[in-house]
$ cat data-v8.pdb   # PDB, C-alpha atoms and all ligand atoms
ATOM      1  CA  MET Q 245      11.776 -17.649  13.473
ATOM      2  CA  GLU Q 246       9.282 -20.135  12.033
ATOM      3  CA  ASP Q 247       7.201 -19.634  15.160
ATOM      4  CA  SER Q 248       7.111 -15.887  14.626
ATOM      5  CA  ILE Q 249       6.027 -16.424  11.012
ATOM      6  CA  GLN Q 250       3.251 -18.721  12.203
ATOM      7  CA  VAL Q 251       2.058 -16.131  14.722
ATOM      8  CA  ALA Q 252       2.066 -13.468  11.993
ATOM      9  CA  VAL Q 253       0.127 -15.772   9.652
ATOM     10  CA  LYS Q 254      -2.401 -16.468  12.395
ATOM     11  CA  TYR Q 255      -3.024 -12.721  12.781
ATOM     12  CA  LEU Q 256      -3.353 -12.279   9.025
ATOM     13  CA  ARG Q 257      -5.842 -15.156   8.768
ATOM     14  CA  GLN Q 258      -7.946 -13.664  11.568
ATOM     15  CA  THR Q 259      -8.386 -10.269   9.902
ATOM     16  CA  LYS Q 260     -11.941  -9.247   9.214
ATOM     17  CA  HIS Q 261     -11.483  -5.883   7.653
ATOM     18  CA  ARG Q 262      -8.153  -4.418   6.736
ATOM     19  CA  VAL Q 263      -4.445  -5.223   6.656
ATOM     20  CA  VAL Q 264      -2.204  -2.190   6.285
ATOM     21  CA  ALA Q 265       1.539  -2.053   5.661
ATOM     22  CA  LEU Q 266       3.741   0.962   6.371
ATOM     23  CA  THR Q 267       7.075   0.827   4.555
ATOM     24  CA  GLY Q 268      10.256   2.865   4.810
ATOM     25  CA  ALA Q 269      13.603   3.190   3.091
ATOM     26  CA  GLY Q 270      14.687  -0.292   4.268
ATOM     27  CA  ILE Q 271      12.428  -2.068   1.770
ATOM     28  CA  SER Q 272      14.243  -0.349  -1.098
ATOM     29  CA  ALA Q 273      17.744  -0.905   0.306
ATOM     30  CA  GLU Q 274      18.051  -4.186  -1.605
ATOM     31  CA  SER Q 275      17.079  -2.387  -4.806
ATOM     32  CA  GLY Q 276      20.249  -0.349  -4.410
ATOM     33  CA  ILE Q 277      18.730   2.803  -2.902
ATOM     34  CA  PRO Q 278      20.586   3.969   0.203
ATOM     35  CA  THR Q 279      18.530   4.341   3.390
ATOM     36  CA  PHE Q 280      18.259   7.648   5.173
ATOM     37  CA  ARG Q 281      20.708   6.879   7.911
ATOM     38  CA  GLY Q 282      23.059   4.726   5.855
ATOM     39  CA  LYS Q 283      26.714   5.706   5.694
ATOM     40  CA  GLU Q 284      26.914   5.877   1.913
ATOM     41  CA  GLY Q 285      26.872   9.626   1.724
ATOM     42  CA  TYR Q 286      23.173  10.070   1.111
ATOM     43  CA  TRP Q 287      23.438  13.791   1.797
ATOM     44  CA  ARG Q 288      26.806  14.119   0.041
ATOM     45  CA  GLY Q 289      28.319  15.995   2.944
ATOM     46  CA  ARG Q 290      25.617  18.679   2.842
ATOM     47  CA  SER Q 291      23.105  19.214   5.575
ATOM     48  CA  PRO Q 292      19.588  17.846   5.110
ATOM     49  CA  MET Q 293      18.323  21.408   5.577
ATOM     50  CA  GLN Q 294      20.366  22.603   2.578
ATOM     51  CA  LEU Q 295      19.084  19.870   0.288
ATOM     52  CA  ALA Q 296      15.646  19.037   1.613
ATOM     53  CA  SER Q 297      13.901  22.125   2.899
ATOM     54  CA  LEU Q 298      12.110  24.997   1.196
ATOM     55  CA  GLU Q 299      14.561  27.452   2.770
ATOM     56  CA  GLY Q 300      17.514  25.509   1.354
ATOM     57  CA  PHE Q 301      15.845  25.377  -2.056
ATOM     58  CA  CYS Q 302      15.138  29.121  -2.119
ATOM     59  CA  GLU Q 303      18.757  29.818  -1.176
ATOM     60  CA  ASN Q 304      20.257  27.592  -3.853
ATOM     61  CA  PRO Q 305      17.777  25.944  -6.265
ATOM     62  CA  GLN Q 306      20.608  24.894  -8.585
ATOM     63  CA  LEU Q 307      22.349  22.855  -5.881
ATOM     64  CA  VAL Q 308      19.113  21.233  -4.733
ATOM     65  CA  TRP Q 309      18.067  20.369  -8.295
ATOM     66  CA  GLU Q 310      21.474  18.845  -9.052
ATOM     67  CA  TRP Q 311      21.078  16.558  -6.051
ATOM     68  CA  TYR Q 312      17.563  15.503  -7.022
ATOM     69  CA  LEU Q 313      18.495  14.973 -10.689
ATOM     70  CA  ASP Q 314      21.339  12.764  -9.531
ATOM     71  CA  ARG Q 315      18.926  10.745  -7.380
ATOM     72  CA  ARG Q 316      16.448  10.492 -10.283
ATOM     73  CA  LYS Q 317      19.222   9.251 -12.532
ATOM     74  CA  LYS Q 318      20.370   6.621 -10.020
ATOM     75  CA  LEU Q 319      16.770   5.500  -9.651
ATOM     76  CA  GLU Q 320      16.515   4.739 -13.377
ATOM     77  CA  GLY Q 321      18.723   1.689 -12.873
ATOM     78  CA  CYS Q 322      16.765   0.434  -9.838
ATOM     79  CA  GLN Q 323      14.076  -2.243  -9.939
ATOM     80  CA  PRO Q 324      11.571  -3.348  -7.303
ATOM     81  CA  ASN Q 325      12.852  -6.319  -5.291
ATOM     82  CA  ALA Q 326      11.160  -9.446  -3.946
ATOM     83  CA  GLY Q 327       9.836  -7.477  -0.950
ATOM     84  CA  HIS Q 328       7.967  -4.972  -3.150
ATOM     85  CA  PHE Q 329       6.563  -7.789  -5.307
ATOM     86  CA  ALA Q 330       5.464  -9.793  -2.268
ATOM     87  CA  LEU Q 331       3.472  -6.790  -1.000
ATOM     88  CA  ALA Q 332       1.781  -6.505  -4.397
ATOM     89  CA  ALA Q 333       0.948 -10.226  -4.098
ATOM     90  CA  LEU Q 334      -0.432  -9.676  -0.593
ATOM     91  CA  GLU Q 335      -2.837  -7.095  -1.995
ATOM     92  CA  LYS Q 336      -4.265  -9.785  -4.289
ATOM     93  CA  LEU Q 337      -4.473 -12.348  -1.476
ATOM     94  CA  LEU Q 338      -6.061 -10.151   1.176
ATOM     95  CA  PRO Q 339      -9.162  -8.113   0.366
ATOM     96  CA  GLY Q 340      -8.881  -4.731   2.070
ATOM     97  CA  PHE Q 341      -5.078  -4.701   1.973
ATOM     98  CA  ALA Q 342      -3.608  -1.201   1.773
ATOM     99  CA  LEU Q 343      -0.080   0.132   1.577
ATOM    100  CA  VAL Q 344       1.337   3.357   2.991
ATOM    101  CA  THR Q 345       4.913   4.222   2.077
ATOM    102  CA  GLN Q 346       7.328   6.873   3.255
ATOM    103  CA  ASN Q 347       9.459   6.180   0.197
ATOM    104  CA  VAL Q 348       9.598   8.559  -2.724
ATOM    105  CA  ASP Q 349      11.140   6.088  -5.189
ATOM    106  CA  GLY Q 350       7.930   4.819  -6.831
ATOM    107  CA  LEU Q 351       9.052   1.171  -6.582
ATOM    108  CA  HIS Q 352       5.812  -0.042  -4.953
ATOM    109  CA  HIS Q 353       3.892   1.336  -7.918
ATOM    110  CA  ASN Q 354       6.335  -0.325 -10.328
ATOM    111  CA  ALA Q 355       5.862  -3.638  -8.510
ATOM    112  CA  GLY Q 356       2.102  -3.444  -9.104
ATOM    113  CA  SER Q 357       0.672  -2.237  -5.783
ATOM    114  CA  LYS Q 358      -2.578  -0.344  -6.401
ATOM    115  CA  GLN Q 359      -4.047   0.471  -2.978
ATOM    116  CA  LEU Q 360      -1.117   2.737  -2.289
ATOM    117  CA  VAL Q 361      -0.492   6.062  -0.616
ATOM    118  CA  GLU Q 362       2.862   7.827  -1.005
ATOM    119  CA  LEU Q 363       3.038   9.928   2.153
ATOM    120  CA  HIS Q 364       6.175  11.827   1.196
ATOM    121  CA  GLY Q 365       5.480  12.325  -2.499
ATOM    122  CA  ASN Q 366       7.367  10.966  -5.491
ATOM    123  CA  ILE Q 367      10.828  12.007  -6.559
ATOM    124  CA  ARG Q 368      10.065  11.486 -10.259
ATOM    125  CA  ARG Q 369       7.360  14.134 -10.223
ATOM    126  CA  THR Q 370       7.899  17.905 -10.527
ATOM    127  CA  HIS Q 371       5.529  20.719  -9.659
ATOM    128  CA  CYS Q 372       5.466  24.491  -9.636
ATOM    129  CA  LEU Q 373       5.864  26.551  -6.473
ATOM    130  CA  GLY Q 374       3.463  29.171  -7.794
ATOM    131  CA  CYS Q 375       0.684  27.386  -9.718
ATOM    132  CA  ALA Q 376      -0.881  23.960 -10.316
ATOM    133  CA  TYR Q 377       1.564  23.000 -13.114
ATOM    134  CA  LEU Q 378       2.782  19.397 -12.800
ATOM    135  CA  GLU Q 379       5.223  17.190 -14.725
ATOM    136  CA  ASP Q 380       4.945  13.440 -14.278
ATOM    137  CA  PRO Q 381       7.501  12.118 -14.917
ATOM    138  CA  GLY Q 382       9.552  15.235 -14.348
ATOM    139  CA  ARG Q 383      12.404  16.235 -16.604
ATOM    140  CA  GLN Q 384      15.853  14.737 -16.320
ATOM    141  CA  GLU Q 385      18.074  17.222 -18.141
ATOM    142  CA  LYS Q 386      20.575  19.468 -16.394
ATOM    143  CA  ALA Q 387      19.451  21.892 -13.738
ATOM    144  CA  GLY Q 388      19.627  25.558 -14.614
ATOM    145  CA  ASN Q 389      16.418  26.884 -15.966
ATOM    146  CA  PHE Q 390      13.881  25.067 -13.880
ATOM    147  CA  ARG Q 391      11.089  27.556 -14.364
ATOM    148  CA  CYS Q 392       7.387  26.958 -14.845
ATOM    149  CA  PRO Q 393       6.271  27.330 -18.489
ATOM    150  CA  HIS Q 394       2.986  28.844 -17.259
ATOM    151  CA  CYS Q 395       3.833  31.299 -14.511
ATOM    152  CA  GLY Q 396       7.636  31.494 -14.494
ATOM    153  CA  ASP Q 397       7.968  30.518 -10.841
ATOM    154  CA  TYR Q 398      10.415  27.820  -9.745
ATOM    155  CA  LEU Q 399       9.684  24.154 -10.404
ATOM    156  CA  ARG Q 400      10.488  21.809  -7.519
ATOM    157  CA  PRO Q 401      10.620  18.057  -6.960
ATOM    158  CA  SER Q 402       7.294  16.732  -5.620
ATOM    159  CA  VAL Q 403       8.615  15.405  -2.343
ATOM    160  CA  VAL Q 404       7.812  16.482   1.193
ATOM    161  CA  TRP Q 405      10.697  18.458   2.650
ATOM    162  CA  PHE Q 406      11.624  19.043   6.296
ATOM    163  CA  GLY Q 407       9.180  21.407   7.922
ATOM    164  CA  GLU Q 408       6.456  20.783   5.333
ATOM    165  CA  SER Q 409       3.046  19.219   5.921
ATOM    166  CA  LEU Q 410       2.181  15.937   4.286
ATOM    167  CA  PRO Q 411      -0.211  16.043   1.313
ATOM    168  CA  GLU Q 412      -3.605  16.278   2.987
ATOM    169  CA  ARG Q 413      -5.465  13.638   0.993
ATOM    170  CA  ALA Q 414      -2.650  11.119   1.358
ATOM    171  CA  TRP Q 415      -2.454  11.695   5.104
ATOM    172  CA  ASP Q 416      -6.233  11.464   5.615
ATOM    173  CA  GLN Q 417      -6.323   8.201   3.665
ATOM    174  CA  ALA Q 418      -3.404   6.698   5.614
ATOM    175  CA  PHE Q 419      -4.946   7.817   8.900
ATOM    176  CA  SER Q 420      -8.287   6.139   8.246
ATOM    177  CA  TRP Q 421      -6.625   2.976   6.933
ATOM    178  CA  ALA Q 422      -4.543   2.781  10.136
ATOM    179  CA  GLN Q 423      -7.676   3.185  12.257
ATOM    180  CA  GLU Q 424      -9.456   0.437  10.326
ATOM    181  CA  ALA Q 425      -6.568  -2.039  10.409
ATOM    182  CA  ASP Q 426      -6.782  -5.347  12.291
ATOM    183  CA  VAL Q 427      -3.170  -6.043  11.307
ATOM    184  CA  PHE Q 428      -0.562  -3.351  10.739
ATOM    185  CA  LEU Q 429       2.796  -4.319   9.215
ATOM    186  CA  VAL Q 430       5.774  -2.050   9.896
ATOM    187  CA  ILE Q 431       8.461  -2.769   7.318
ATOM    188  CA  GLY Q 432      11.981  -1.357   6.868
ATOM    189  CA  THR Q 433      11.391   1.857   8.746
ATOM    190  CA  SER Q 434      13.245   3.255  11.735
ATOM    191  CA  ALA Q 435       9.853   4.664  12.835
ATOM    192  CA  VAL Q 436      11.267   8.001  13.913
ATOM    193  CA  VAL Q 437       9.985  10.254  11.115
ATOM    194  CA  TYR Q 438       6.746  11.968  12.119
ATOM    195  CA  PRO Q 439       3.866  12.135  11.532
ATOM    196  CA  ALA Q 440       4.251   8.870   9.534
ATOM    197  CA  ALA Q 441       5.463   6.970  12.613
ATOM    198  CA  SER Q 442       2.395   8.044  14.609
ATOM    199  CA  LEU Q 443       0.294   5.702  12.433
ATOM    200  CA  ILE Q 444       1.824   2.769  14.361
ATOM    201  CA  PRO Q 445       0.504   3.660  17.871
ATOM    202  CA  LEU Q 446      -2.738   4.821  16.238
ATOM    203  CA  ALA Q 447      -3.274   1.398  14.655
ATOM    204  CA  LYS Q 448      -2.317  -0.314  17.908
ATOM    205  CA  GLU Q 449      -4.745   1.798  19.966
ATOM    206  CA  THR Q 450      -7.565   1.089  17.564
ATOM    207  CA  GLY Q 451      -7.054  -2.663  17.914
ATOM    208  CA  ALA Q 452      -4.503  -3.765  15.303
ATOM    209  CA  LYS Q 453      -1.879  -6.435  15.843
ATOM    210  CA  ILE Q 454       1.507  -4.986  14.901
ATOM    211  CA  ILE Q 455       3.913  -7.117  12.850
ATOM    212  CA  GLU Q 456       7.377  -5.650  12.398
ATOM    213  CA  ILE Q 457       9.836  -6.675   9.681
ATOM    214  CA  ASN Q 458      13.304  -5.192  10.011
ATOM    215  CA  VAL Q 459      16.953  -6.195  10.202
ATOM    216  CA  GLU Q 460      17.223  -4.636  13.646
ATOM    217  CA  GLU Q 461      15.164  -3.315  16.547
ATOM    218  CA  THR Q 462      13.542   0.061  16.013
ATOM    219  CA  ALA Q 463      11.473   2.654  17.828
ATOM    220  CA  ALA Q 464       8.423   0.552  16.901
ATOM    221  CA  SER Q 465       9.708  -2.734  18.336
ATOM    222  CA  ASP Q 466       8.228  -2.093  21.787
ATOM    223  CA  VAL Q 467       4.677  -1.999  20.454
ATOM    224  CA  ALA Q 468       5.136  -4.896  18.012
ATOM    225  CA  ASP Q 469       3.106  -8.038  18.773
ATOM    226  CA  VAL Q 470       5.511 -10.057  16.657
ATOM    227  CA  SER Q 471       8.889  -9.174  15.129
ATOM    228  CA  LEU Q 472      10.286 -10.869  12.055
ATOM    229  CA  LEU Q 473      13.993 -10.185  12.120
ATOM    230  CA  GLY Q 474      15.496 -10.275   8.635
ATOM    231  CA  THR Q 475      15.605  -8.489   5.305
ATOM    232  CA  SER Q 476      12.303  -7.527   3.729
ATOM    233  CA  SER Q 477      13.160  -9.303   0.452
ATOM    234  CA  VAL Q 478      13.317 -12.584   2.372
ATOM    235  CA  MET Q 479      10.769 -12.103   5.144
ATOM    236  CA  ILE Q 480       7.782 -10.743   3.171
ATOM    237  CA  PRO Q 481       7.884 -13.519   0.532
ATOM    238  CA  ARG Q 482       8.230 -16.034   3.368
ATOM    239  CA  LEU Q 483       5.140 -14.593   5.008
ATOM    240  CA  VAL Q 484       3.189 -14.736   1.744
ATOM    241  CA  MET Q 485       4.229 -18.349   1.155
ATOM    242  CA  ALA Q 486       3.206 -19.365   4.677
ATOM    243  CA  LEU Q 487      -0.132 -17.612   4.203
ATOM    244  CA  GLU Q 488      -0.784 -19.480   0.957
ATOM    245  CA  GLU Q 489      -0.033 -22.919   2.478
TER     246      GLU Q 489
HETATM  247  P1  LIG Q 501      15.441   5.079   7.701
HETATM  248  O1  LIG Q 501      16.623   5.193   6.805
HETATM  249  O2  LIG Q 501      15.328   5.974   8.867
HETATM  250  O3  LIG Q 501      15.397   3.592   8.261
HETATM  251  C1  LIG Q 501      15.589   2.488   7.424
HETATM  252  C2  LIG Q 501      15.193   1.247   8.196
HETATM  253  O4  LIG Q 501      15.284   0.138   7.331
HETATM  254  C3  LIG Q 501      16.095   0.936   9.411
HETATM  255  O5  LIG Q 501      15.284   0.637  10.512
HETATM  256  C4  LIG Q 501      16.895  -0.291   8.956
HETATM  257  O6  LIG Q 501      17.201  -1.152  10.034
HETATM  258  C5  LIG Q 501      15.927  -0.940   8.000
HETATM  259  N1  LIG Q 501      16.508  -1.772   6.955
HETATM  260  C6  LIG Q 501      17.649  -1.571   6.255
HETATM  261  N2  LIG Q 501      17.807  -2.516   5.319
HETATM  262  C7  LIG Q 501      16.733  -3.350   5.431
HETATM  263  C8  LIG Q 501      16.306  -4.511   4.732
HETATM  264  N3  LIG Q 501      17.019  -5.021   3.712
HETATM  265  N4  LIG Q 501      15.131  -5.096   5.104
HETATM  266  C9  LIG Q 501      14.406  -4.606   6.133
HETATM  267  N5  LIG Q 501      14.757  -3.502   6.823
HETATM  268  C10 LIG Q 501      15.900  -2.878   6.471
HETATM  269  O7  LIG Q 501      14.165   5.156   6.753
HETATM  270  P2  LIG Q 501      12.672   5.648   7.036
HETATM  271  O8  LIG Q 501      12.198   5.132   8.338
HETATM  272  O9  LIG Q 501      11.936   5.337   5.785
HETATM  273  O10 LIG Q 501      12.769   7.241   7.167
HETATM  274  C11 LIG Q 501      13.554   7.942   6.268
HETATM  275  C12 LIG Q 501      12.900   9.057   5.478
HETATM  276  O11 LIG Q 501      13.708   9.276   4.322
HETATM  277  C13 LIG Q 501      11.535   8.757   4.940
HETATM  278  O12 LIG Q 501      10.769   9.880   5.215
HETATM  279  C14 LIG Q 501      11.685   8.629   3.415
HETATM  280  O13 LIG Q 501      10.777   9.498   2.760
HETATM  281  C15 LIG Q 501      13.044   9.137   3.096
HETATM  282  N6  LIG Q 501      13.848   8.222   2.232
HETATM  283  C16 LIG Q 501      13.278   7.568   1.184
HETATM  284  C17 LIG Q 501      14.028   6.683   0.403
HETATM  285  C18 LIG Q 501      13.354   5.973  -0.742
HETATM  286  O14 LIG Q 501      12.403   6.491  -1.306
HETATM  287  N7  LIG Q 501      13.795   4.760  -1.087
HETATM  288  C19 LIG Q 501      15.372   6.477   0.687
HETATM  289  C20 LIG Q 501      15.940   7.174   1.759
HETATM  290  C21 LIG Q 501      15.167   8.047   2.528
HETATM  291 ZN    ZN Q 502       3.657  27.777 -12.381
END

$ encode --input "data-v8.pdb" --output "structure tokens" --more "lines below"
Ligand code: NAD
Ligand code: ZN
Amino acid sequence: MEDSIQVAVKYLRQTKHRVVALTGAGISAESGIPTFRGKEGYWRGRSPMQLASLEGFCENPQLVWEWYLDRRKKLEGCQPNAGHFALAALEKLLPGFALVTQNVDGLHHNAGSKQLVELHGNIRRTHCLGCAYLEDPGRQEKAGNFRCPHCGDYLRPSVVWFGESLPERAWDQAFSWAQEADVFLVIGTSAVVYPAASLIPLAKETGAKIIEINVEETAASDVADVSLLGTSSVMIPRLVMALEE
């Protein structure tokens, strides 16, 4: 394992331009937020299409809002962990460092990361289906009358649902960062959710070394130049410490 860390550090020291990290639900697992494919009843027995698609929302906004309010409430008790903080530290250590997350929990922001793109939105935000009205942070009280005070249309959580495009500016930013990267870290993601996962082969094709941090092999492991097997709260701080030595 030490050898792998040393290889990763060597890549990081050789960068000339940009280091980019792509994170997924795994980095927040140790903050108490269940991952997508975990067995802890993330979807509460409902189908993802019922709870996380525009069709599902239009069919039953009350049900969808109750689920999101519950997730917002659970999030209130969650803090960034050592992995989030180590990435914020990496941004200070490496000029040109940038972070792309698939997470909607806002924990990277809370940990102090600034060069940050949230590809799938932010669960604490609310916006209107019909106009530009936005609440940040969004309300927490009971679902029921979630209507826009301006146009009366439905308010929805500002996350990307199944079948929806990613926010254009966020995607364009992530895409050019990936192209510019000399090192691309893939952290706590199963790398099967697209188009986010396509940033990994893109970075590889445009010359980046790929460093993976995960507790198990993933769809990205084949293209990884080095794999650090372990939890992100241990492995990222270890990488930062080795880089500072
Ligand atoms: P995923 O659930 O598909 O995969 C999680 C990955 O994290 C797995 O590869 C797993 O091995 C790894 N992992 C688990 N614990 C880890 C740890 N302690 N350290 C390092 N790795 C660990 O998640 P995904 O790839 O992000 O895709 C899921 C989708 O669901 C994303 O689009 C995301 O928007 C959404 N989601 C977000 C959150 C959140 O915001 N925290 C939570 C669940 C799902
Ligand atoms: Zn409106």

$ residues_near_ligand --input "data-v8.pdb" --ligand "ligand ZN 502 (chain Q)" --cutoff "10 Å" --atoms "all atoms listed in the file" --output "JSON list (two decimals) with C-alpha atoms, keeping the file's coordinate frame"
[["chain", "number", "residue", "atom", "x", "y", "z"],
["Q", 371, "HIS", "CA", 5.53, 20.72, -9.66],
["Q", 372, "CYS", "CA", 5.47, 24.49, -9.64],
["Q", 373, "LEU", "CA", 5.86, 26.55, -6.47],
["Q", 374, "GLY", "CA", 3.46, 29.17, -7.79],
["Q", 375, "CYS", "CA", 0.68, 27.39, -9.72],
["Q", 376, "ALA", "CA", -0.88, 23.96, -10.32],
["Q", 377, "TYR", "CA", 1.56, 23.00, -13.11],
["Q", 378, "LEU", "CA", 2.78, 19.40, -12.80],
["Q", 391, "ARG", "CA", 11.09, 27.56, -14.36],
["Q", 392, "CYS", "CA", 7.39, 26.96, -14.84],
["Q", 393, "PRO", "CA", 6.27, 27.33, -18.49],
["Q", 394, "HIS", "CA", 2.99, 28.84, -17.26],
["Q", 395, "CYS", "CA", 3.83, 31.30, -14.51],
["Q", 396, "GLY", "CA", 7.64, 31.49, -14.49],
["Q", 397, "ASP", "CA", 7.97, 30.52, -10.84],
["Q", 398, "TYR", "CA", 10.42, 27.82, -9.74],
["Q", 399, "LEU", "CA", 9.68, 24.15, -10.40]]

$ resolve_selection --input "data-v8.pdb" --expression "the PyMOL selection byres (((chain Q and resi 401) around 7) and not hetatm)" --output "ChimeraX atom specification"
/Q:367,369-371,400,402-403

$ write_last_selection --input "data-v8.pdb" --atoms "C-alpha atoms" --output "JSON list (two decimals), in the coordinates of the input"
[["chain", "number", "residue", "atom", "x", "y", "z"],
["Q", 367, "ILE", "CA", 10.83, 12.01, -6.56],
["Q", 369, "ARG", "CA", 7.36, 14.13, -10.22],
["Q", 370, "THR", "CA", 7.90, 17.90, -10.53],
["Q", 371, "HIS", "CA", 5.53, 20.72, -9.66],
["Q", 400, "ARG", "CA", 10.49, 21.81, -7.52],
["Q", 402, "SER", "CA", 7.29, 16.73, -5.62],
["Q", 403, "VAL", "CA", 8.62, 15.40, -2.34]]

$ closest_atom_pairs --input "data-v8.pdb" --of "chain Q" --to "ligand LIG 501 (chain Q)" --cutoff "6 Å" --atoms "all atoms listed in the file" --output "Markdown table"
| residue | atom | partner | partner_atom | distance |
| --- | --- | --- | --- | --- |
| Q:Gly268 | CA | Q:LIG501 | O9 | 3.1 |
| Q:Ala269 | CA | Q:LIG501 | O9 | 3.8 |
| Q:Gly270 | CA | Q:LIG501 | O4 | 3.2 |
| Q:Ile271 | CA | Q:LIG501 | N4 | 5.3 |
| Q:Ser272 | CA | Q:LIG501 | N7 | 5.1 |
| Q:Ala273 | CA | Q:LIG501 | N2 | 5.3 |
| Q:Glu274 | CA | Q:LIG501 | N3 | 5.5 |
| Q:Ile277 | CA | Q:LIG501 | N7 | 5.6 |
| Q:Pro278 | CA | Q:LIG501 | C19 | 5.8 |
| Q:Thr279 | CA | Q:LIG501 | O1 | 4.0 |
| Q:Phe280 | CA | Q:LIG501 | O1 | 3.4 |
| Q:Arg281 | CA | Q:LIG501 | O1 | 4.6 |
| Q:Gln346 | CA | Q:LIG501 | O13 | 4.4 |
| Q:Asn347 | CA | Q:LIG501 | O14 | 3.3 |
| Q:Val348 | CA | Q:LIG501 | O14 | 3.8 |
| Q:Asp349 | CA | Q:LIG501 | O14 | 4.1 |
| Q:His364 | CA | Q:LIG501 | O13 | 5.4 |
| Q:Gly432 | CA | Q:LIG501 | N5 | 3.5 |
| Q:Thr433 | CA | Q:LIG501 | O8 | 3.4 |
| Q:Ser434 | CA | Q:LIG501 | O5 | 3.5 |
| Q:Ala435 | CA | Q:LIG501 | O8 | 5.1 |
| Q:Val437 | CA | Q:LIG501 | O10 | 5.7 |
| Q:Asn458 | CA | Q:LIG501 | N5 | 3.9 |
| Q:Val459 | CA | Q:LIG501 | N5 | 4.8 |
| Q:Glu460 | CA | Q:LIG501 | O6 | 5.0 |
| Q:Thr462 | CA | Q:LIG501 | O5 | 5.8 |
| Q:Thr475 | CA | Q:LIG501 | N4 | 3.4 |
| Q:Ser476 | CA | Q:LIG501 | N4 | 4.0 |

$ closest_residue --input "data-v8.pdb" --among "Q:Ser477, Q:Gln294, Q:Ser471, Q:Ser409" --to "Q:His328" --atoms "only C-alpha atoms"
Q:Ser477

$ residues_near_point --input "data-v8.pdb" --point "(21.2, 22.0, 4.0)" --cutoff "12 Å" --atoms "all atoms listed in the file" --output "JSON, numbers by chain"
{"Q": [287, 288, 289, 290, 291, 292, 293, 294, 295, 296, 297, 298, 299, 300, 301, 302, 303, 304, 305, 307, 308, 311, 405, 406]}

$ closest_residue --input "data-v8.pdb" --among "Q:Gly350, Q:Pro445, Q:Pro324, Q:Gly356" --to "Q:Asp380" --atoms "all atoms listed in the file"
Q:Gly350

$ closest_residue --input "data-v8.pdb" --among "Q:Leu446, Q:Leu266, Q:Val404, Q:Ile455" --to "Q:Leu360" --atoms "only C-alpha atoms"
Q:Leu266

$ atom_distance --input "data-v8.pdb" --atom1 "atom CA of Q:Gly451" --atom2 "atom CA of Q:Asp426"
6.2 Å

$ closest_residue --input "data-v8.pdb" --among "Q:Arg316, Q:Lys448, Q:His353, Q:Arg482" --to "Q:Asp466" --atoms "all atoms listed in the file"
Q:Lys448

$ closest_residue --input "data-v8.pdb" --among "Q:Ser357, Q:Thr345, Q:Gln423, Q:Gln384" --to "Q:Ala332" --atoms "all atoms listed in the file"
Q:Ser357

$ atom_distance --input "data-v8.pdb" --atom1 "atom CA of Q:Ala447" --atom2 "atom CA of Q:Ala342"
13.1 Å

$ resolve_selection --input "data-v8.pdb" --expression "the PyMOL selection byres (((chain Q and resi 341) around 9) and not hetatm)" --output "ChimeraX atom specification"
/Q:261-265,334-340,342-343,359,425

$ closest_residue --input "data-v8.pdb" --among "Q:Leu443, Q:Gly327, Q:Gln258, Q:Trp309" --to "Q:Val344" --atoms "all atoms listed in the file"
Q:Leu443

$ atom_distance --input "data-v8.pdb" --atom1 "atom CA of Q:Ser465" --atom2 "atom CA of Q:Ile431"
11.1 Å

$ resolve_selection --input "data-v8.pdb" --expression "the PyMOL selection byres (((chain Q and resi 485) around 12) and not hetatm)" --output "count of residues only"
19
